[in-house]
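Student: Input file: data.pdb. Contents: PDB, C-alpha atoms and all ligand atoms.
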MODEL        1
ATOM      1  CA  MET A   1    -147.070-293.629  19.627
ATOM      2  CA  ARG A   2    -148.274-295.698  22.571
ATOM      3  CA  ILE A   3    -152.023-295.578  22.959
ATOM      4  CA  VAL A   4    -155.015-297.473  24.250
ATOM      5  CA  LEU A   5    -158.060-297.202  22.006
ATOM      6  CA  LEU A   6    -161.452-297.371  23.692
ATOM      7  CA  GLY A   7    -164.650-297.647  21.692
ATOM      8  CA  ALA A   8    -167.923-299.523  21.794
ATOM      9  CA  PRO A   9    -168.862-302.174  19.261
ATOM     10  CA  GLY A  10    -170.114-300.211  16.243
ATOM     11  CA  SER A  11    -168.002-297.134  17.005
ATOM     12  CA  GLY A  12    -165.708-297.755  14.029
ATOM     13  CA  LYS A  13    -162.768-298.686  16.238
ATOM     14  CA  GLY A  14    -161.572-301.466  13.914
ATOM     15  CA  THR A  15    -161.454-299.169  10.897
ATOM     16  CA  GLN A  16    -159.643-296.417  12.796
ATOM     17  CA  SER A  17    -157.115-298.904  14.215
ATOM     18  CA  GLN A  18    -156.238-300.024  10.701
ATOM     19  CA  LEU A  19    -155.742-296.412   9.597
ATOM     20  CA  LEU A  20    -153.514-295.662  12.590
ATOM     21  CA  VAL A  21    -151.447-298.794  11.869
ATOM     22  CA  LYS A  22    -150.902-297.636   8.271
ATOM     23  CA  THR A  23    -150.153-294.010   9.138
ATOM     24  CA  HIS A  24    -147.981-294.443  12.221
ATOM     25  CA  GLY A  25    -146.315-297.775  11.455
ATOM     26  CA  VAL A  26    -147.167-299.283  14.813
ATOM     27  CA  PRO A  27    -148.966-302.592  15.356
ATOM     28  CA  GLN A  28    -152.488-302.950  16.670
ATOM     29  CA  ILE A  29    -152.260-305.306  19.615
ATOM     30  CA  SER A  30    -155.486-307.110  20.415
ATOM     31  CA  THR A  31    -155.514-309.488  23.349
ATOM     32  CA  GLY A  32    -157.945-311.777  21.520
ATOM     33  CA  ASP A  33    -155.428-312.211  18.685
ATOM     34  CA  LEU A  34    -152.550-312.669  21.139
ATOM     35  CA  LEU A  35    -154.410-315.432  22.957
ATOM     36  CA  ARG A  36    -155.320-317.290  19.765
ATOM     37  CA  ASP A  37    -151.761-316.959  18.490
ATOM     38  CA  ALA A  38    -150.118-318.132  21.719
ATOM     39  CA  VAL A  39    -152.452-321.118  21.966
ATOM     40  CA  ALA A  40    -151.826-322.063  18.318
ATOM     41  CA  LYS A  41    -148.042-321.785  18.741
ATOM     42  CA  ARG A  42    -148.196-323.666  22.057
ATOM     43  CA  THR A  43    -145.949-321.184  23.845
ATOM     44  CA  GLU A  44    -145.616-321.550  27.618
ATOM     45  CA  LEU A  45    -148.131-318.733  28.208
ATOM     46  CA  GLY A  46    -150.347-320.163  25.475
ATOM     47  CA  GLN A  47    -150.497-323.548  27.185
ATOM     48  CA  ARG A  48    -151.333-321.894  30.480
ATOM     49  CA  ALA A  49    -154.104-319.929  28.777
ATOM     50  CA  LYS A  50    -155.457-323.036  27.057
ATOM     51  CA  ALA A  51    -155.566-324.963  30.327
ATOM     52  CA  ALA A  52    -157.644-322.168  31.858
ATOM     53  CA  MET A  53    -160.012-321.942  28.888
ATOM     54  CA  ASP A  54    -160.404-325.752  28.680
ATOM     55  CA  SER A  55    -161.593-325.803  32.266
ATOM     56  CA  GLY A  56    -164.056-322.989  31.537
ATOM     57  CA  LYS A  57    -162.112-320.306  33.384
ATOM     58  CA  LEU A  58    -161.033-316.850  32.315
ATOM     59  CA  VAL A  59    -157.375-316.471  31.463
ATOM     60  CA  ASP A  60    -155.784-314.669  34.421
ATOM     61  CA  ASP A  61    -154.408-311.157  34.087
ATOM     62  CA  ALA A  62    -150.793-312.195  34.687
ATOM     63  CA  THR A  63    -150.890-314.552  31.701
ATOM     64  CA  VAL A  64    -152.473-311.974  29.412
ATOM     65  CA  LEU A  65    -150.027-309.336  30.606
ATOM     66  CA  GLY A  66    -147.144-311.712  29.918
ATOM     67  CA  MET A  67    -148.355-312.090  26.339
ATOM     68  CA  ILE A  68    -148.623-308.337  25.915
ATOM     69  CA  ARG A  69    -145.127-307.895  27.309
ATOM     70  CA  GLU A  70    -143.757-310.456  24.840
ATOM     71  CA  ARG A  71    -145.595-308.709  22.020
ATOM     72  CA  PHE A  72    -144.122-305.305  22.996
ATOM     73  CA  SER A  73    -140.620-306.735  22.565
ATOM     74  CA  LYS A  74    -141.183-307.637  18.884
ATOM     75  CA  PRO A  75    -139.297-305.414  16.390
ATOM     76  CA  ASP A  76    -142.464-303.959  14.828
ATOM     77  CA  ALA A  77    -143.475-302.478  18.203
ATOM     78  CA  VAL A  78    -140.297-300.430  18.563
ATOM     79  CA  ASN A  79    -142.176-297.213  17.729
ATOM     80  CA  GLY A  80    -145.161-298.027  19.890
ATOM     81  CA  PHE A  81    -148.497-299.769  19.703
ATOM     82  CA  ILE A  82    -152.248-299.416  19.634
ATOM     83  CA  LEU A  83    -153.711-301.498  22.411
ATOM     84  CA  ASP A  84    -157.198-302.796  21.680
ATOM     85  CA  GLY A  85    -159.401-304.767  24.078
ATOM     86  CA  PHE A  86    -157.083-304.296  27.048
ATOM     87  CA  PRO A  87    -157.298-303.124  29.782
ATOM     88  CA  ARG A  88    -160.913-304.012  30.582
ATOM     89  CA  ASN A  89    -160.862-303.080  34.269
ATOM     90  CA  ILE A  90    -158.944-300.991  36.776
ATOM     91  CA  ALA A  91    -156.805-303.902  38.032
ATOM     92  CA  GLN A  92    -155.618-304.516  34.455
ATOM     93  CA  ALA A  93    -155.053-300.805  33.883
ATOM     94  CA  GLU A  94    -152.871-300.620  36.995
ATOM     95  CA  ALA A  95    -150.932-303.733  36.030
ATOM     96  CA  LEU A  96    -150.383-302.321  32.534
ATOM     97  CA  GLU A  97    -149.187-299.016  33.946
ATOM     98  CA  LYS A  98    -146.717-300.777  36.213
ATOM     99  CA  MET A  99    -145.355-302.895  33.378
ATOM    100  CA  LEU A 100    -144.961-299.939  31.025
ATOM    101  CA  GLN A 101    -143.192-298.036  33.794
ATOM    102  CA  GLU A 102    -140.731-300.921  34.190
ATOM    103  CA  LEU A 103    -140.141-300.916  30.450
ATOM    104  CA  GLY A 104    -139.673-297.146  30.460
ATOM    105  CA  THR A 105    -142.418-296.743  27.846
ATOM    106  CA  PRO A 106    -145.461-295.130  29.470
ATOM    107  CA  LEU A 107    -148.719-294.582  27.574
ATOM    108  CA  ASP A 108    -148.971-291.348  25.553
ATOM    109  CA  SER A 109    -152.733-291.232  25.627
ATOM    110  CA  VAL A 110    -155.974-293.142  25.860
ATOM    111  CA  VAL A 111    -158.380-292.314  23.061
ATOM    112  CA  LEU A 112    -162.090-292.758  23.664
ATOM    113  CA  MET A 113    -164.186-292.948  20.497
ATOM    114  CA  ASN A 114    -167.303-291.377  21.892
ATOM    115  CA  LEU A 115    -170.672-292.114  20.372
ATOM    116  CA  ASP A 116    -174.194-291.699  21.698
ATOM    117  CA  LEU A 117    -175.622-295.067  22.750
ATOM    118  CA  GLY A 118    -178.782-294.443  20.716
ATOM    119  CA  ILE A 119    -176.714-293.990  17.560
ATOM    120  CA  LEU A 120    -174.667-297.102  18.311
ATOM    121  CA  PHE A 121    -177.870-299.051  18.830
ATOM    122  CA  LYS A 122    -179.157-297.966  15.410
ATOM    123  CA  ARG A 123    -175.857-298.705  13.688
ATOM    124  CA  LEU A 124    -175.751-302.193  15.149
ATOM    125  CA  THR A 125    -179.398-303.231  15.012
ATOM    126  CA  GLY A 126    -179.832-301.765  11.523
ATOM    127  CA  ARG A 127    -177.383-304.216   9.995
ATOM    128  CA  ARG A 128    -178.870-306.480   7.335
ATOM    129  CA  ILE A 129    -177.189-308.970   5.083
ATOM    130  CA  CYS A 130    -178.388-309.958   1.635
ATOM    131  CA  GLU A 131    -179.243-313.639   1.439
ATOM    132  CA  GLU A 132    -178.321-313.785  -2.256
ATOM    133  CA  CYS A 133    -175.292-311.563  -2.840
ATOM    134  CA  GLY A 134    -173.916-311.339   0.728
ATOM    135  CA  LYS A 135    -173.742-307.527   0.693
ATOM    136  CA  VAL A 136    -173.989-305.773   4.044
ATOM    137  CA  PHE A 137    -176.462-302.898   4.428
ATOM    138  CA  ASN A 138    -177.841-300.786   7.223
ATOM    139  CA  VAL A 139    -181.525-299.948   7.102
ATOM    140  CA  PHE A 140    -180.831-296.627   8.887
ATOM    141  CA  THR A 141    -177.474-295.475   7.543
ATOM    142  CA  ALA A 142    -176.788-297.446   4.342
ATOM    143  CA  PRO A 143    -180.013-298.861   2.880
ATOM    144  CA  PRO A 144    -179.903-300.910  -0.328
ATOM    145  CA  ALA A 145    -180.461-299.141  -3.667
ATOM    146  CA  ALA A 146    -183.990-299.210  -5.106
ATOM    147  CA  GLY A 147    -182.860-301.752  -7.718
ATOM    148  CA  HIS A 148    -181.690-304.255  -5.130
ATOM    149  CA  LYS A 149    -184.530-306.768  -4.902
ATOM    150  CA  HIS A 150    -183.014-309.596  -2.855
ATOM    151  CA  ARG A 151    -184.271-310.489   0.594
ATOM    152  CA  LEU A 152    -182.317-309.038   3.533
ATOM    153  CA  ILE A 153    -181.783-310.962   6.749
ATOM    154  CA  GLN A 154    -180.685-309.943  10.241
ATOM    155  CA  ARG A 155    -178.054-312.080  11.941
ATOM    156  CA  PRO A 156    -178.997-313.373  15.416
ATOM    157  CA  ASP A 157    -176.028-311.398  16.864
ATOM    158  CA  ASP A 158    -177.539-308.150  15.556
ATOM    159  CA  LYS A 159    -180.909-308.551  17.284
ATOM    160  CA  GLU A 160    -181.943-305.819  19.708
ATOM    161  CA  GLU A 161    -181.671-307.892  22.916
ATOM    162  CA  VAL A 162    -178.178-309.105  22.043
ATOM    163  CA  ILE A 163    -176.947-305.652  21.004
ATOM    164  CA  GLY A 164    -178.488-304.087  24.106
ATOM    165  CA  LYS A 165    -176.646-306.580  26.296
ATOM    166  CA  ARG A 166    -173.322-306.009  24.501
ATOM    167  CA  LEU A 167    -173.601-302.237  24.883
ATOM    168  CA  GLU A 168    -174.499-302.591  28.562
ATOM    169  CA  VAL A 169    -171.433-304.737  29.182
ATOM    170  CA  TYR A 170    -169.290-302.232  27.303
ATOM    171  CA  GLU A 171    -170.607-299.295  29.327
ATOM    172  CA  ALA A 172    -170.148-301.048  32.647
ATOM    173  CA  GLN A 173    -166.569-302.006  31.752
ATOM    174  CA  THR A 174    -165.532-298.730  30.227
ATOM    175  CA  LYS A 175    -166.932-296.169  32.671
ATOM    176  CA  PRO A 176    -164.391-296.857  35.455
ATOM    177  CA  LEU A 177    -161.554-296.849  32.907
ATOM    178  CA  ILE A 178    -162.638-293.467  31.568
ATOM    179  CA  LYS A 179    -162.514-292.055  35.105
ATOM    180  CA  TYR A 180    -159.154-293.683  35.777
ATOM    181  CA  TYR A 181    -157.456-292.354  32.649
ATOM    182  CA  ASP A 182    -159.102-288.968  32.957
ATOM    183  CA  ALA A 183    -157.651-288.630  36.468
ATOM    184  CA  ALA A 184    -154.258-289.641  35.064
ATOM    185  CA  GLY A 185    -154.525-286.846  32.477
ATOM    186  CA  LEU A 186    -154.291-289.322  29.597
ATOM    187  CA  LEU A 187    -157.873-289.354  28.312
ATOM    188  CA  ARG A 188    -158.642-287.836  24.907
ATOM    189  CA  VAL A 189    -162.292-287.904  23.866
ATOM    190  CA  VAL A 190    -162.983-287.978  20.139
ATOM    191  CA  ASP A 191    -166.411-287.525  18.576
ATOM    192  CA  ALA A 192    -166.984-290.731  16.605
ATOM    193  CA  ASP A 193    -170.259-289.588  15.033
ATOM    194  CA  ALA A 194    -168.736-288.497  11.726
ATOM    195  CA  ASP A 195    -167.335-290.032   8.536
ATOM    196  CA  VAL A 196    -164.198-292.194   8.678
ATOM    197  CA  ASP A 197    -161.896-289.403   7.464
ATOM    198  CA  THR A 198    -163.134-286.789   9.927
ATOM    199  CA  VAL A 199    -162.911-289.183  12.862
ATOM    200  CA  PHE A 200    -159.394-290.147  11.833
ATOM    201  CA  LYS A 201    -158.300-286.504  11.728
ATOM    202  CA  SER A 202    -159.756-285.971  15.207
ATOM    203  CA  ILE A 203    -157.889-288.984  16.559
ATOM    204  CA  ASP A 204    -154.677-287.843  14.916
ATOM    205  CA  ARG A 205    -155.007-284.406  16.516
ATOM    206  CA  ALA A 206    -155.902-285.957  19.889
ATOM    207  CA  VAL A 207    -152.857-288.225  20.051
ATOM    208  CA  LYS A 208    -150.533-285.316  19.252
ATOM    209  CA  LYS A 209    -151.750-283.330  22.253
TER     210      LYS A 209
HETATM  211 ZN    ZN B   1    -178.368-308.894  -2.863
ENDMDL
END
Rewrite the structure from the file as structure tokens, please.
Ligand SMILES: [Zn+2]
Tutor:
Amino acid sequence: MRIVLLGAPGSGKGTQSQLLVKTHGVPQISTGDLLRDAVAKRTELGQRAKAAMDSGKLVDDATVLGMIRERFSKPDAVNGFILDGFPRNIAQAEALEKMLQELGTPLDSVVLMNLDLGILFKRLTGRRICEECGKVFNVFTAPPAAGHKHRLIQRPDDKEEVIGKRLEVYEAQTKPLIKYYDAAGLLRVVDADADVDTVFKSIDRAVKK
């Protein structure tokens, strides 16, 4: 199974990735993790990435792609992968396609976890954390029980302005990719407005198409 998973923050992408990893025995490859790992291990690509980040620049696509290529060659990726957080733009999508062609392992599908922006906004801005016991609630979807008397706080990252900005960035990045993969016949749209189990079944059906 070789897929790219697209989903906004709050869409449940992390949870679904973990389920896919367990069920299909393929690794979830996140470029954020790859970067941190390469920098920590001081690999050649890692040092190049660190030099870029230290001077306040973005790590260039070739370096990131090199890391992904290295990761694909690890034994646990022999049956495929779930790519998360990459590609983020058309140039990266084209570069990825070219590399996978060279490796003889093209993508099977690109799964979009689709969720109404209004629902995402509620899910994300409704998050509250208990000051005392650290439990996470959602005032809209998972409010605390009547007996829970501690004070709830909202993290700065969950404030409306911040969430709004994050969702805007996500939309702007993802829209062209959706078009690109739809034109390539790879896009599978899954309704992410359901419980974890239902969404997982939808994804499982979508990737088998
Ligand atoms: Zn509490």
Student: Could you please extract the residues within 9 Å of ligand ZN 1 (chain B), counting all atoms listed in the file, and hand them back as an MDAnalysis selection string?
Tutor: chainID A and resid 129:136 144 148:152
Student: Keeping C-alpha atoms for every residue in the selection just given, could you write it to a file as a PDB file, in the frame of the given file?
Tutor:
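The file below, selection-v1.pdb, is the result:
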ATOM      1  CA  ILE A 129    -177.189-308.970   5.083  1.00  0.00           C
ATOM      2  CA  CYS A 130    -178.388-309.958   1.635  1.00  0.00           C
ATOM      3  CA  GLU A 131    -179.243-313.639   1.439  1.00  0.00           C
ATOM      4  CA  GLU A 132    -178.321-313.785  -2.256  1.00  0.00           C
ATOM      5  CA  CYS A 133    -175.292-311.563  -2.840  1.00  0.00           C
ATOM      6  CA  GLY A 134    -173.916-311.339   0.728  1.00  0.00           C
ATOM      7  CA  LYS A 135    -173.742-307.527   0.693  1.00  0.00           C
ATOM      8  CA  VAL A 136    -173.989-305.773   4.044  1.00  0.00           C
ATOM      9  CA  PRO A 144    -179.903-300.910  -0.328  1.00  0.00           C
ATOM     10  CA  HIS A 148    -181.690-304.255  -5.130  1.00  0.00           C
ATOM     11  CA  LYS A 149    -184.530-306.768  -4.902  1.00  0.00           C
ATOM     12  CA  HIS A 150    -183.014-309.596  -2.855  1.00  0.00           C
ATOM     13  CA  ARG A 151    -184.271-310.489   0.594  1.00  0.00           C
ATOM     14  CA  LEU A 152    -182.317-309.038   3.533  1.00  0.00           C
TER      15      LEU A 152
END
Student: Could you pull the residues within 9 Å of range 109-118 of chain A, counting all atoms listed in the file, minus those fewer than 6 positions along the same chain, as number ranges by chain?
Tutor: A: 1-8, 11-13, 167, 178, 181-182, 185-193, 199, 203, 206-209
Student: Report, in Å with one decimal, the straight-line distance from CA of Ile163 in chain A to CA of Thr141 in chain A.
Tutor: 16.9 Å
Student: Starting from the shown file, work through the PyMOL selection byres (((chain A and resi 140) around 9) and not hetatm) and note down what comes out as a PyMOL selection string.
Tutor: chain A and resi 122-123+126-127+137-139+141-143
Student: Check which residues satisfy the PyMOL selection byres (((chain A and resi 99-101) around 12) and not hetatm) in the file shown, then give them as a ChimeraX atom specification.
Tutor: /A:2-3,62,65-70,72-73,80-81,92-98,102-108
Student: So that I can see what lies close to Gln173 in chain A, please list as a PyMOL selection string the residues with an atom at most 9 Å from it, counting all atoms listed in the file and leaving out residues fewer than 4 positions away in the same chain.
Tutor: chain A and resi 88-89+168-169+177
Student: Rank nothing, just name the residue among A:Leu45, A:Ala51, A:Ile119, A:Asp61 nearest to Ile90 in chain A, using only C-alpha atoms.
Tutor: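 Among A:Leu45, A:Ala51, A:Ile119, A:Asp61, it is A:Asp61 that comes nearest to Ile90 in chain A.
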Student: I'd like the interatomic distance between CA of Asp37 in chain A and CA of Thr15 in chain A, to a tenth of an Å.
Tutor: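 Calculated distance between CA of Asp37 in chain A and CA of Thr15 in chain A is 21.6 Å.
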Student: Would you compute the distance between CA of Leu83 in chain A and CA of Thr125 in chain A? Give it in Å to one decimal.
Tutor: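 Value for the CA of Leu83 in chain A-CA of Thr125 in chain A distance: 26.8 Å.
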Student: For Gly164 in chain A, which residue out of A:Pro9, A:Ile29, A:His24, A:Leu34 is the nearest one, using all atoms listed in the file?
Tutor: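 Looking at the shortest contact to Gly164 in chain A, the residue is A:Pro9.
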Student: Let me make sure I understand: among A:Val162, A:Ala49, A:Ala172, A:Val78, which one has the smallest atom-to-atom distance to Thr31 in chain A if we use only C-alpha atoms?
Tutor: A:Ala49
Student: Assuming 4 Å of padding per side, give the centre and edge lengths of the axis-aligned box around every listed atom of range 109-121 of chain A, in Å to one decimal and as JSON.
Tutor:
{"center_x": -165.8, "center_y": -295.1, "center_z": 21.7, "size_x": 34.0, "size_y": 15.8, "size_z": 16.3}
Student: Of the candidates A:Ile82, A:Ala183, A:Ala145, A:Val59, which one gets nearest to Arg36 in chain A if we count all atoms listed in the file?
Tutor: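 So, comparing all the options, the nearest one is A:Val59.
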Student: A:Val26, A:Ala52, A:Leu58, A:Val21: which is nearest Asp76 in chain A, counting only C-alpha atoms?
Tutor: A:Val26
